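Shown next: model_12.txt, containing compact mmCIF, C-alpha atoms.
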# COMPACT_ATOMS: atom_id res chain seq x y z
CA MET A 93 12.39 -115.48 -33.03
CA ILE A 94 14.20 -115.09 -29.67
CA VAL A 95 13.80 -111.28 -29.81
CA VAL A 96 10.04 -111.63 -30.33
CA GLU A 97 9.77 -113.99 -27.36
CA VAL A 98 11.72 -111.59 -25.13
CA GLU A 99 9.47 -108.69 -26.16
CA GLU A 100 6.38 -110.78 -25.43
CA MET A 101 7.74 -111.65 -21.98
CA LYS A 102 8.42 -107.99 -21.24
CA MET A 103 4.91 -107.08 -22.36
CA LYS A 104 3.38 -109.74 -20.11
CA GLU A 105 5.47 -108.54 -17.13
CA THR A 106 4.39 -104.95 -17.77
CA ASN A 107 0.72 -105.90 -18.05
CA GLN A 108 0.98 -107.95 -14.86
CA TYR A 109 2.60 -105.04 -13.05
CA ILE A 110 -0.09 -102.61 -14.27
CA LYS A 111 -2.79 -105.06 -13.24
CA GLY A 112 -1.26 -105.12 -9.77
CA LEU A 113 -1.33 -101.30 -9.60
CA VAL A 114 -4.96 -101.18 -10.72
CA LYS A 115 -5.90 -103.83 -8.17
CA ARG A 116 -4.24 -101.86 -5.35
CA TYR A 117 -6.03 -98.75 -6.62
CA VAL A 118 -9.45 -100.46 -6.60
CA TYR A 119 -8.92 -101.88 -3.09
CA GLY A 120 -7.75 -98.49 -1.77
CA ALA A 121 -4.27 -99.81 -0.96
CA ALA A 122 -2.26 -97.90 -3.58
CA SER A 123 0.33 -95.43 -2.33
CA VAL A 124 0.49 -91.86 -3.59
CA ASN A 125 3.51 -92.76 -5.75
CA GLU A 126 1.69 -95.77 -7.23
CA ILE A 127 -1.35 -93.63 -8.08
CA ALA A 128 0.95 -91.09 -9.74
CA GLU A 129 2.66 -93.90 -11.68
CA LEU A 130 -0.74 -95.15 -12.82
CA GLY A 131 -1.60 -91.63 -13.98
CA ASP A 132 1.62 -91.41 -16.01
CA TRP A 133 0.86 -94.78 -17.63
CA LEU A 134 -2.64 -93.60 -18.61
CA LYS A 135 -1.22 -90.47 -20.24
CA ALA A 136 1.49 -92.38 -22.11
CA ASP A 137 -0.87 -94.11 -24.56
CA HIS A 138 -4.50 -93.43 -25.47
CA GLY A 139 -5.20 -97.17 -25.61
CA ASN A 140 -4.17 -97.57 -21.96
CA LYS A 141 -7.43 -95.98 -20.86
CA ALA A 142 -9.52 -98.79 -22.36
CA LEU A 143 -7.24 -101.39 -20.79
CA PHE A 144 -7.51 -99.62 -17.45
CA GLU A 145 -11.32 -99.63 -17.59
CA LYS A 146 -11.37 -103.36 -18.41
CA LEU A 147 -8.91 -104.27 -15.65
CA LYS A 148 -10.80 -102.08 -13.18
CA SER A 149 -14.14 -103.68 -14.12
CA ASP A 150 -12.75 -107.22 -13.83
CA ILE A 151 -11.16 -106.51 -10.45
CA GLU A 152 -14.33 -104.86 -9.09
CA LYS A 153 -16.37 -107.91 -10.14
CA GLN A 154 -13.88 -110.18 -8.42
CA ALA A 155 -14.02 -107.92 -5.35
CA GLU A 156 -17.81 -108.24 -5.29
CA MET A 157 -17.53 -112.04 -5.41
CA ASP A 158 -14.91 -112.02 -2.62
CA VAL A 159 -17.08 -109.80 -0.42
CA ASN A 160 -20.15 -111.96 -1.09
CA ASP A 161 -18.30 -115.19 -0.28
CA GLU A 162 -16.85 -113.70 2.90
CA TRP A 163 -20.28 -112.49 3.99
CA GLU A 164 -21.83 -115.90 3.41
CA ARG A 165 -19.14 -117.57 5.53
CA PHE A 166 -19.62 -114.98 8.26
CA ALA A 167 -23.43 -115.26 8.19
CA ASN A 168 -23.36 -119.04 8.28
CA LYS A 169 -20.90 -119.09 11.16
CA PHE A 170 -23.03 -116.83 13.37
CA GLU A 171 -26.40 -118.02 11.98
CA LEU A 172 -27.51 -114.57 10.89
CA ASN A 173 -31.06 -114.66 9.56
CA ASN A 174 -31.45 -110.97 8.81
CA LYS A 175 -28.90 -110.62 6.07
CA ALA A 176 -28.25 -107.25 4.54
CA SER A 177 -28.57 -106.94 0.79
CA PHE A 178 -25.45 -107.62 -1.23
CA LYS A 179 -25.39 -104.05 -2.51
CA SER A 180 -25.41 -102.73 1.06
CA ARG A 181 -22.64 -105.09 2.05
CA ARG A 182 -20.51 -104.05 -0.89
CA LEU A 183 -21.06 -100.34 -0.23
CA LEU A 184 -20.34 -100.87 3.45
CA GLY A 185 -17.07 -102.56 2.59
CA PHE A 186 -15.89 -99.76 0.31
CA ALA A 187 -17.19 -97.12 2.75
CA SER A 188 -15.10 -98.69 5.51
CA VAL A 189 -11.98 -98.52 3.36
CA ALA A 190 -12.72 -94.89 2.45
CA ALA A 191 -13.37 -94.01 6.10
CA SER A 192 -10.09 -95.64 7.13
CA ILE A 193 -8.17 -93.65 4.53
CA ALA A 194 -9.93 -90.44 5.60
CA ILE A 195 -9.06 -91.07 9.27
CA VAL A 196 -5.41 -91.67 8.41
CA MET A 197 -5.35 -88.48 6.31
CA VAL A 198 -6.89 -86.38 9.10
CA VAL A 199 -4.59 -87.80 11.77
CA THR A 200 -1.54 -87.26 9.52
CA MET A 201 -2.53 -83.68 8.82
CA GLN A 202 -3.15 -82.99 12.51
CA ILE A 203 0.20 -84.45 13.57
CA PHE A 204 2.02 -82.51 10.84
CA SER A 205 0.22 -79.27 11.76
CA ALA A 206 0.84 -79.66 15.49
CA ALA A 207 4.55 -80.27 14.94
CA ASN A 208 4.94 -77.23 12.71
CA ASN A 209 2.47 -74.69 14.09
CA LYS A 210 4.29 -74.10 17.35
CA TYR A 211 7.41 -73.24 15.34
CA SER A 212 5.85 -71.31 12.46
CA SER A 213 3.66 -69.16 14.74
CA MET A 214 6.81 -67.59 16.18
CA LEU A 215 8.12 -66.80 12.70
CA SER A 216 4.88 -65.30 11.41
CA THR A 217 4.43 -62.93 14.35
CA ASN A 218 8.03 -61.76 14.71
CA GLU A 219 9.61 -60.43 11.52
CA PRO A 220 13.24 -59.18 11.65
CA GLU A 221 13.41 -55.47 12.42
CA GLY A 222 16.11 -52.91 13.19
CA ASP A 223 19.84 -53.04 12.60
CA ASN A 224 20.89 -55.61 15.21
CA THR A 225 20.49 -59.35 15.74
CA VAL A 226 17.89 -60.19 18.40
CA LEU A 227 17.70 -63.29 20.62
CA ASN A 228 14.23 -64.00 22.05
CA LEU A 229 14.20 -66.61 24.82
CA ALA A 230 11.19 -68.70 25.78
CA ASP A 231 11.11 -67.20 29.28
CA GLY A 232 10.52 -63.71 27.88
CA GLN A 233 14.09 -62.41 28.01
CA GLN A 234 15.27 -60.51 24.92
CA PHE A 235 18.84 -59.62 24.01
CA THR A 236 20.15 -57.28 21.32
CA LEU A 237 23.44 -58.35 19.74
CA ASN A 238 25.45 -55.50 18.26
CA GLU A 239 28.21 -57.40 16.45
CA GLN A 240 28.35 -57.68 12.68
CA HIS A 241 28.67 -61.46 13.05
CA ALA A 242 27.02 -62.24 16.39
CA THR A 243 27.47 -65.56 18.23
CA VAL A 244 25.16 -67.41 20.63
CA GLU A 245 25.90 -70.73 22.36
CA ALA A 246 23.45 -72.91 24.31
CA ASP A 247 24.53 -75.41 26.97
CA LYS A 248 23.40 -79.05 26.66
CA ASP A 249 20.76 -78.80 29.41
CA GLY A 250 19.21 -75.53 28.23
CA GLU A 251 19.99 -73.75 31.47
CA GLN A 252 22.05 -70.93 30.02
CA PHE A 253 23.27 -69.21 26.84
CA ILE A 254 26.59 -67.54 26.15
CA VAL A 255 25.91 -64.38 24.14
CA GLU A 256 28.62 -62.74 22.02
CA LYS A 257 31.31 -64.95 23.67
CA ASN A 258 31.30 -63.26 27.09
CA GLN A 259 27.79 -62.64 28.47
CA ILE A 260 26.19 -65.58 30.31
CA VAL A 261 22.38 -65.62 30.26
CA LYS A 262 20.52 -67.99 32.59
CA THR A 263 17.00 -69.19 31.72
CA LYS A 264 14.23 -68.49 34.21
CA GLY A 265 11.75 -70.84 35.90
CA GLU A 266 11.05 -74.26 34.37
CA THR A 267 12.04 -73.28 30.84
CA ALA A 268 15.14 -75.49 30.81
CA ALA A 269 13.33 -78.63 31.97
CA GLN A 270 10.41 -78.16 29.56
CA SER A 271 12.54 -77.59 26.45
CA GLN A 272 10.81 -74.40 25.34
CA LEU A 273 11.31 -72.73 21.96
CA ASN A 274 13.62 -69.76 21.42
CA GLN A 275 14.15 -67.54 18.40
CA ILE A 276 17.04 -65.66 16.84
CA GLN A 277 16.46 -62.94 14.23
CA VAL A 278 19.21 -61.62 11.97
CA PRO A 279 18.70 -58.27 10.19
CA TYR A 280 19.78 -57.50 6.63
CA GLY A 281 23.47 -56.66 6.30
CA LYS A 282 24.53 -58.96 9.17
CA THR A 283 25.04 -62.66 9.94
CA ALA A 284 25.03 -64.76 13.12
CA LYS A 285 26.41 -68.05 14.40
CA LEU A 286 24.45 -70.26 16.80
CA ILE A 287 25.72 -73.34 18.63
CA LEU A 288 22.80 -75.52 19.68
CA ALA A 289 22.58 -77.67 22.80
CA ASP A 290 23.73 -80.81 20.93
CA GLY A 291 26.81 -79.05 19.52
CA THR A 292 25.30 -78.47 16.07
CA LYS A 293 26.54 -75.22 14.53
CA VAL A 294 24.24 -72.95 12.53
CA TRP A 295 25.28 -69.88 10.54
CA LEU A 296 22.39 -67.57 9.65
CA ASN A 297 22.54 -65.25 6.66
CA ALA A 298 21.12 -61.73 6.42
CA GLY A 299 17.34 -61.41 6.89
CA SER A 300 16.96 -64.87 8.47
CA GLN A 301 15.23 -66.36 11.51
CA LEU A 302 15.65 -69.65 13.36
CA VAL A 303 13.31 -71.15 15.97
CA PHE A 304 15.05 -73.75 18.16
CA PRO A 305 14.58 -75.53 21.52
CA ASN A 306 16.97 -74.85 24.39
CA HIS A 307 17.80 -78.58 24.49
CA PHE A 308 16.95 -81.86 22.71
CA ASN A 309 16.77 -84.12 25.78
CA ASN A 310 14.17 -86.93 25.64
CA LYS A 311 13.25 -86.16 22.02
CA ASP A 312 12.90 -88.55 19.06
CA HIS A 313 13.94 -85.77 16.65
CA ARG A 314 16.04 -82.65 16.90
CA ASP A 315 13.81 -80.07 15.20
CA VAL A 316 14.49 -76.46 14.27
CA MET A 317 12.60 -74.17 11.88
CA LEU A 318 14.30 -71.86 9.40
CA LEU A 319 13.02 -68.84 7.55
CA GLY A 320 15.78 -67.43 5.35
CA GLU A 321 19.21 -68.95 4.73
CA GLY A 322 21.32 -71.09 7.04
CA PHE A 323 24.42 -73.27 6.90
CA PHE A 324 24.31 -76.28 9.23
CA GLU A 325 27.09 -78.48 10.66
CA VAL A 326 25.04 -81.15 12.40
CA THR A 327 26.42 -83.22 15.28
CA HIS A 328 25.92 -86.93 14.57
CA SER A 329 23.28 -88.81 16.57
CA GLU A 330 21.99 -92.17 15.36
CA SER A 331 19.03 -92.09 17.76
CA GLN A 332 18.00 -88.47 17.10
CA PRO A 333 17.73 -87.42 13.45
CA PHE A 334 18.12 -83.67 12.96
CA ARG A 335 15.32 -81.98 11.01
CA VAL A 336 15.20 -78.50 9.52
CA LEU A 337 11.59 -77.48 8.98
CA THR A 338 10.80 -74.88 6.33
CA ASP A 339 7.62 -73.66 4.66
CA LYS A 340 7.85 -75.96 1.61
CA LEU A 341 10.37 -78.69 2.50
CA THR A 342 11.64 -80.72 5.45
CA TYR A 343 15.33 -81.72 5.62
CA THR A 344 16.40 -84.75 7.70
CA VAL A 345 19.98 -85.79 8.59
CA LEU A 346 21.96 -87.75 11.17
CA GLY A 347 25.14 -85.70 10.95
CA THR A 348 26.35 -83.66 8.01
CA SER A 349 26.93 -80.13 6.67
CA PHE A 350 24.64 -78.36 4.23
CA ASN A 351 23.20 -74.98 3.22
CA ILE A 352 19.47 -74.23 3.01
CA ARG A 353 17.90 -71.19 1.35
CA SER A 354 14.20 -70.73 2.11
CA TYR A 355 13.19 -67.08 2.25
CA ASP A 356 9.51 -66.25 2.72
CA HIS A 357 8.87 -64.46 -0.58
CA SER A 358 11.38 -66.33 -2.73
CA PRO A 359 9.89 -68.34 -5.64
CA ILE A 360 12.66 -70.96 -5.33
CA HIS A 361 13.80 -72.89 -2.23
CA SER A 362 17.09 -74.79 -2.35
CA ALA A 363 19.64 -76.86 -0.45
CA VAL A 364 23.30 -77.63 -1.16
CA LEU A 365 24.99 -80.64 0.48
CA VAL A 366 28.68 -80.36 1.40
CA ASP A 367 29.22 -83.56 3.42
CA GLY A 368 27.19 -86.63 4.44
CA SER A 369 23.68 -87.22 3.12
CA LEU A 370 20.51 -85.15 3.24
CA LYS A 371 16.91 -86.37 2.92
CA VAL A 372 14.56 -83.79 1.41
CA ASP A 373 10.77 -84.19 1.74
CA GLU A 374 8.12 -81.98 0.22
CA ASN A 375 5.58 -80.76 2.78
CA ALA A 376 2.56 -82.14 0.95
CA LEU A 377 -0.12 -84.73 1.67
CA PHE A 378 -0.57 -85.91 -1.95
CA ASN A 379 2.05 -86.46 -4.68
CA LYS A 380 4.70 -85.88 -2.06
CA GLU A 381 8.22 -85.95 -3.46
CA SER A 382 11.21 -87.23 -1.49
CA ILE A 383 14.86 -87.37 -2.54
CA ILE A 384 18.31 -88.08 -1.03
CA LEU A 385 21.09 -85.60 -1.79
CA LYS A 386 24.73 -86.63 -2.22
CA PRO A 387 27.75 -84.38 -1.48
CA GLY A 388 28.21 -81.73 -4.17
CA GLU A 389 24.55 -81.75 -5.18
CA LYS A 390 22.01 -78.95 -5.06
CA CYS A 391 18.25 -79.43 -5.01
CA SER A 392 15.85 -76.67 -6.05
CA PHE A 393 12.11 -76.49 -5.50
CA ALA A 394 10.04 -73.95 -7.44
CA ASN A 395 6.72 -72.97 -5.86
CA ASN A 396 4.90 -72.77 -9.19
CA GLU A 397 6.17 -76.15 -10.46
CA GLY A 398 6.08 -78.30 -7.32
CA GLN A 399 9.04 -80.40 -8.46
CA ILE A 400 12.49 -80.99 -6.91
CA ILE A 401 15.39 -80.59 -9.37
CA ILE A 402 18.91 -81.91 -8.60
CA GLN A 403 22.20 -80.68 -10.10
CA GLN A 404 25.95 -80.89 -9.45
CA VAL A 405 27.45 -77.60 -8.16
CA ASN A 406 30.56 -76.00 -6.68
CA THR A 407 29.36 -75.89 -3.06
CA SER A 408 31.69 -73.01 -2.05
CA ILE A 409 29.66 -70.63 -4.21
CA TYR A 410 26.63 -71.27 -1.98
CA THR A 411 28.38 -71.45 1.40
CA SER A 412 31.12 -68.81 1.37
CA TRP A 413 28.76 -66.13 2.74
CA LYS A 414 29.19 -67.64 6.22
CA ASN A 415 32.87 -66.68 6.07
CA GLY A 416 32.07 -63.08 5.14
CA PHE A 417 32.48 -63.12 1.36
CA LEU A 418 30.86 -64.24 -1.87
CA THR A 419 32.68 -66.71 -4.13
CA LEU A 420 32.35 -65.67 -7.76
CA GLU A 421 32.80 -68.25 -10.52
CA LYS A 422 31.89 -66.69 -13.83
CA ASN A 423 28.87 -65.12 -12.16
CA ASN A 424 26.76 -63.03 -14.45
CA LEU A 425 26.13 -59.49 -13.28
CA ARG A 426 22.40 -59.89 -12.77
CA THR A 427 22.86 -62.87 -10.40
CA LEU A 428 25.54 -61.10 -8.37
CA ILE A 429 23.51 -57.92 -8.07
CA TYR A 430 20.58 -59.98 -6.81
CA GLN A 431 22.80 -61.45 -4.06
CA ILE A 432 24.01 -58.02 -2.96
CA GLU A 433 20.53 -56.55 -3.17
CA HIS A 434 19.17 -59.28 -0.94
CA TYR A 435 22.02 -59.21 1.59
CA TYR A 436 21.68 -55.47 2.21
CA ASN A 437 17.93 -55.26 1.46
CA CYS A 438 18.47 -52.39 -0.98
CA ASP A 439 17.32 -51.53 -4.51
CA ILE A 440 19.88 -51.82 -7.31
CA THR A 441 19.45 -51.03 -11.00
CA ILE A 442 21.76 -51.96 -13.88
CA SER A 443 21.98 -49.96 -17.09
CA ASN A 444 20.99 -51.69 -20.34
CA GLU A 445 24.50 -51.16 -21.65
CA LEU A 446 25.92 -53.30 -18.86
CA LEU A 447 23.35 -56.04 -19.35
CA GLU A 448 24.16 -56.20 -23.06
CA MET A 449 27.88 -56.66 -22.26
CA HIS A 450 27.23 -60.07 -20.58
CA ILE A 451 29.83 -59.42 -17.88
CA GLN A 452 31.10 -62.50 -16.00
CA LEU A 453 32.97 -62.13 -12.72
CA SER A 454 35.28 -64.53 -10.86
CA GLY A 455 37.07 -64.15 -7.54
CA LYS A 456 35.95 -63.11 -4.05
CA LEU A 457 33.78 -60.19 -3.02
CA MET A 458 34.08 -59.31 0.68
CA LEU A 459 30.84 -58.48 2.45
CA ASP A 460 31.11 -55.35 4.59
CA THR A 461 29.07 -53.38 7.10
CA ASP A 462 28.83 -50.62 4.51
CA ALA A 463 26.98 -51.52 1.30
CA GLU A 464 28.62 -48.63 -0.54
CA ARG A 465 32.10 -50.08 0.09
CA VAL A 466 30.92 -53.37 -1.43
CA CYS A 467 29.61 -51.52 -4.49
CA LYS A 468 32.96 -49.74 -4.86
CA ALA A 469 34.86 -53.04 -4.60
CA LEU A 470 32.60 -54.54 -7.25
CA CYS A 471 33.25 -51.62 -9.58
CA ASP A 472 37.02 -51.94 -9.05
CA LEU A 473 36.70 -55.62 -9.99
CA SER A 474 34.62 -55.07 -13.11
CA GLY A 475 35.43 -51.56 -14.37
CA MET A 476 31.83 -50.36 -13.84
CA GLY A 477 30.71 -47.11 -12.30
CA TYR A 478 27.97 -46.52 -9.70
CA ARG A 479 25.97 -43.75 -8.09
CA ILE A 480 23.69 -43.64 -5.03
CA GLU A 481 20.65 -41.37 -4.96
CA ASN A 482 17.85 -41.64 -2.37
CA ASN A 483 19.01 -45.10 -1.24
CA GLN A 484 18.88 -46.31 -4.86
CA VAL A 485 22.12 -47.81 -6.22
CA SER A 486 22.67 -47.57 -9.97
CA PHE A 487 25.47 -49.31 -11.90
CA TYR A 488 26.48 -47.99 -15.31
CA LYS A 489 29.12 -48.48 -17.96
CA GLN A 490 32.12 -46.18 -17.56
CA GLU A 491 33.26 -44.26 -20.62
Structure translated into structure tokens:
Amino acid sequence: MIVVEVEEMKMKETNQYIKGLVKRYVYGAASVNEIAELGDWLKADHGNKALFEKLKSDIEKQAEMDVNDEWERFANKFELNNKASFKSRRLLGFASVAASIAIVMVVTMQIFSAANNKYSSMLSTNEPEGDNTVLNLADGQQFTLNEQHATVEADKDGEQFIVEKNQIVKTKGETAAQSQLNQIQVPYGKTAKLILADGTKVWLNAGSQLVFPNHFNNKDHRDVMLLGEGFFEVTHSESQPFRVLTDKLTYTVLGTSFNIRSYDHSPIHSAVLVDGSLKVDENALFNKESIILKPGEKCSFANNEGQIIIQQVNTSIYTSWKNGFLTLEKNNLRTLIYQIEHYYNCDITISNELLEMHIQLSGKLMLDTDAERVCKALCDLSGMGYRIENNQVSFYKQE
């Protein structure tokens, strides 16, 4: 008897909650998440559709009565003789709600576009080229960095940069005061380290770009835009959240360390949190997903699925590249080859015999200026053989 009563209470609470969602939907006040929840409820049971239609009809009738009563009070108060028809009043009311929603949507889209376009335009017009890291300053100065692991440091006021630890570069004109955007491009086969004006440290992996301001003074947010892979150690600032903008996702933190992988043509974008907390937002207007990562977690976003997946990982596997090596923990050969292929931007093939062996590798693989030396080290580790013909690397099973 008690069990039946409890079930009935739960059913009533559920129905009341659904009625509330439908009411918010009818009045145009439902959030994107609430609309999505309503959609899931409709799909869960075929009978829910009939209930939805009834609830919707009842609420619309009540809305009509509320609008009519409100109009009568308004008309009587101001002694309006020329009253509009009820149908017109009702349509006007719903049209006003729709117009308000449309205005909010347009304004939101414009704000989002304005904040991102000035960053993304620099990435789309300047793809990494050549064999050296390039620093493009807002005042037109360009510097080529020859080191395998180049370093750039900005001062807190944006007046100068220290390039490769010894060369001091001063910004020209009013660039420092205006907080203009700069860009660093890292070619394949190399990495770079950048210290931003607030002290935040950024390591950029091979084939990556970062657009960043010369300082963050008088800003509500500290924004940078990444195309590629970067490891961030963010300086804490309660008043200025740090945001990493990418094509698909936006990452927001106060102070923490994390790795982001967001290459232009990659089907999957991901982030791994080492310390602190990381807020991840999908760059979408509808059905926008938002999650909070905890240390040791990885989130992945697949372009074709539009869903953020979270899993526990060994973070060193995803961050060791910044120290010049890859951490291997029972890596399968195909995954490792993909990492090497991407880092050096080369083509690698694996023989069917090797793939059938299901080789797993553990240890460290040092990244080198010479891709061939890395291939040799990999073969020494696994007992494979390799050959290079016309810039094509082929791994095969040794007899």
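With distances restricted to all atoms listed in the file, A:Leu428 is the closest residue to Val466 of chain A from A:Leu428, A:Lys489, A:Ser454, A:Tyr211.
The shell of residues at most 8 Å from segment 470-480 of chain A, with all atoms listed in the file counted and near chain neighbours (fewer than 4 positions) removed, consists of A:Leu453, A:Leu457, A:Val466, A:Gln484, A:Val485, A:Ser486, A:Phe487, A:Tyr488, A:Lys489, A:Gln490.
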All residues 6 Å or closer to segment 340-343 of chain A, all atoms listed in the file, same chain fewer than 6 positions away omitted, as an MDAnalysis selection string: chainID A and resid 371:375
Long-range neighbours of segment 109-118 of chain A as a VMD selection string, 7 Å cut-off, only C-alpha atoms, 6 positions minimum in chain: chain A and resid 126 130 147 to 148 151
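Closest approach to Phe304 of chain A from the set A:Leu370, A:Ala394, A:Leu346, A:Ala230 is made by A:Ala230, with distances taken over only C-alpha atoms.
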Could you make a table, as CSV, of the residues of segment 334-440 of chain A that have an atom within 8 Å of an atom of segment 323-329 of chain A, each with its nearest atom pair and distance in Å to one decimal, counting all atoms listed in the file, in chain and number order?
residue,atom,partner,partner_atom,distance
A:Phe334,CA,A:Val326,CA,7.4
A:Val345,CA,A:Val326,CA,7.9
A:Leu346,CA,A:His328,CA,5.3
A:Gly347,CA,A:His328,CA,3.9
A:Thr348,CA,A:Val326,CA,5.2
A:Ser349,CA,A:Glu325,CA,4.3
A:Phe350,CA,A:Phe324,CA,5.4
A:Asn351,CA,A:Phe323,CA,4.2
A:Ile352,CA,A:Phe323,CA,6.4
A:Thr411,CA,A:Phe323,CA,7.0
A:Lys414,CA,A:Phe323,CA,7.4
Neighbourhood query: residues within 10 Å of (25.5, -58.4, 3.6), file coordinates, counting all atoms listed in the file; return as an MDAnalysis selection string. chainID A and resid 240 279:283 297:299 413 416:418 431:437 458:463 466
Export, as an mmCIF file, in the coordinates of the input, the selected residues with C-alpha atoms.
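To be explicit, this is the file written out as out24.cif:
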data_model
loop_
_atom_site.group_PDB
_atom_site.id
_atom_site.type_symbol
_atom_site.label_atom_id
_atom_site.label_comp_id
_atom_site.auth_asym_id
_atom_site.auth_seq_id
_atom_site.Cartn_x
_atom_site.Cartn_y
_atom_site.Cartn_z
ATOM 1 C CA GLN A 240 28.350 -57.680 12.680
ATOM 2 C CA PRO A 279 18.700 -58.270 10.190
ATOM 3 C CA TYR A 280 19.780 -57.500 6.630
ATOM 4 C CA GLY A 281 23.470 -56.660 6.300
ATOM 5 C CA LYS A 282 24.530 -58.960 9.170
ATOM 6 C CA THR A 283 25.040 -62.660 9.940
ATOM 7 C CA ASN A 297 22.540 -65.250 6.660
ATOM 8 C CA ALA A 298 21.120 -61.730 6.420
ATOM 9 C CA GLY A 299 17.340 -61.410 6.890
ATOM 10 C CA TRP A 413 28.760 -66.130 2.740
ATOM 11 C CA GLY A 416 32.070 -63.080 5.140
ATOM 12 C CA PHE A 417 32.480 -63.120 1.360
ATOM 13 C CA LEU A 418 30.860 -64.240 -1.870
ATOM 14 C CA GLN A 431 22.800 -61.450 -4.060
ATOM 15 C CA ILE A 432 24.010 -58.020 -2.960
ATOM 16 C CA GLU A 433 20.530 -56.550 -3.170
ATOM 17 C CA HIS A 434 19.170 -59.280 -0.940
ATOM 18 C CA TYR A 435 22.020 -59.210 1.590
ATOM 19 C CA TYR A 436 21.680 -55.470 2.210
ATOM 20 C CA ASN A 437 17.930 -55.260 1.460
ATOM 21 C CA MET A 458 34.080 -59.310 0.680
ATOM 22 C CA LEU A 459 30.840 -58.480 2.450
ATOM 23 C CA ASP A 460 31.110 -55.350 4.590
ATOM 24 C CA THR A 461 29.070 -53.380 7.100
ATOM 25 C CA ASP A 462 28.830 -50.620 4.510
ATOM 26 C CA ALA A 463 26.980 -51.520 1.300
ATOM 27 C CA VAL A 466 30.920 -53.370 -1.430
#
Quick one: residues within 8 Å of segment 308-318 of chain A, all atoms listed in the file counted, chain neighbours fewer than 5 positions away excluded, as a PyMOL selection string? chain A and resi 211-212+249+271+289-290+300-303+331-338+354
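The space separating atom CA of Asp356 of chain A from atom CA of His241 of chain A comes to 22.3 Å.
With all atoms listed in the file as the atoms that count, the residue of A:Leu237, A:Ile260, A:Ala246, A:Met449 with the shortest distance to Ala284 of chain A is A:Leu237.
Minimum atom-to-atom distance to Lys422 of chain A, evaluated using all atoms listed in the file, belongs to A:Gln452 out of A:Thr225, A:Ser149, A:Gln403, A:Gln452.
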Report, in Å to a single decimal, how far apart atom CA of Ser412 of chain A and atom CA of Lys456 of chain A are. 9.2 Å
Calculated over all atoms listed in the file, which of the candidates A:Ile254, A:Leu319, A:Ala363, A:Ala242 has the smallest distance to Tyr410 of chain A? A:Ala363
With distances taken over only C-alpha atoms, the candidate from A:Leu273, A:Val278, A:Ile287, A:Leu227 nearest Asn306 of chain A is A:Leu273
So the first atom is atom CA of Gly222 of chain A and the second is atom CA of Gly322 of chain A; what is the distance between them in Å, to one decimal place? 19.9 Å
Would you please take segment 414-444 of chain A of the structure in the block above and write C-alpha atoms to a file as a short mmCIF file (atom, residue, chain, number, x, y, z; two decimals), in the first residue's frame?
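Once everything was written out, this is out.cif:
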data_model
loop_
_atom_site.label_atom_id
_atom_site.label_comp_id
_atom_site.auth_asym_id
_atom_site.auth_seq_id
_atom_site.Cartn_x
_atom_site.Cartn_y
_atom_site.Cartn_z
CA LYS A 414 55.88 19.97 -24.30
CA ASN A 415 58.96 18.45 -22.67
CA GLY A 416 60.22 17.03 -25.96
CA PHE A 417 59.01 13.43 -25.79
CA LEU A 418 55.96 11.22 -26.10
CA THR A 419 54.85 9.13 -23.12
CA LEU A 420 53.84 5.65 -24.25
CA GLU A 421 51.52 3.55 -22.08
CA LYS A 422 50.54 0.43 -23.97
CA ASN A 423 50.05 2.57 -27.06
CA ASN A 424 48.96 0.65 -30.10
CA LEU A 425 51.12 1.13 -33.17
CA ARG A 426 48.49 2.87 -35.25
CA THR A 427 47.92 5.59 -32.60
CA LEU A 428 51.64 6.21 -32.15
CA ILE A 429 52.27 6.40 -35.88
CA TYR A 430 49.48 8.96 -36.15
CA GLN A 431 51.20 11.12 -33.51
CA ILE A 432 54.54 10.97 -35.30
CA GLU A 433 52.94 11.54 -38.68
CA HIS A 434 51.20 14.66 -37.40
CA TYR A 435 54.20 16.06 -35.52
CA TYR A 436 56.47 15.89 -38.58
CA ASN A 437 53.71 16.34 -41.18
CA CYS A 438 54.87 13.27 -43.10
CA ASP A 439 53.22 10.19 -44.63
CA ILE A 440 53.74 6.86 -42.85
CA THR A 441 52.48 3.43 -43.85
CA ILE A 442 52.41 0.25 -41.75
CA SER A 443 52.53 -3.23 -43.24
CA ASN A 444 49.53 -5.51 -42.67
#
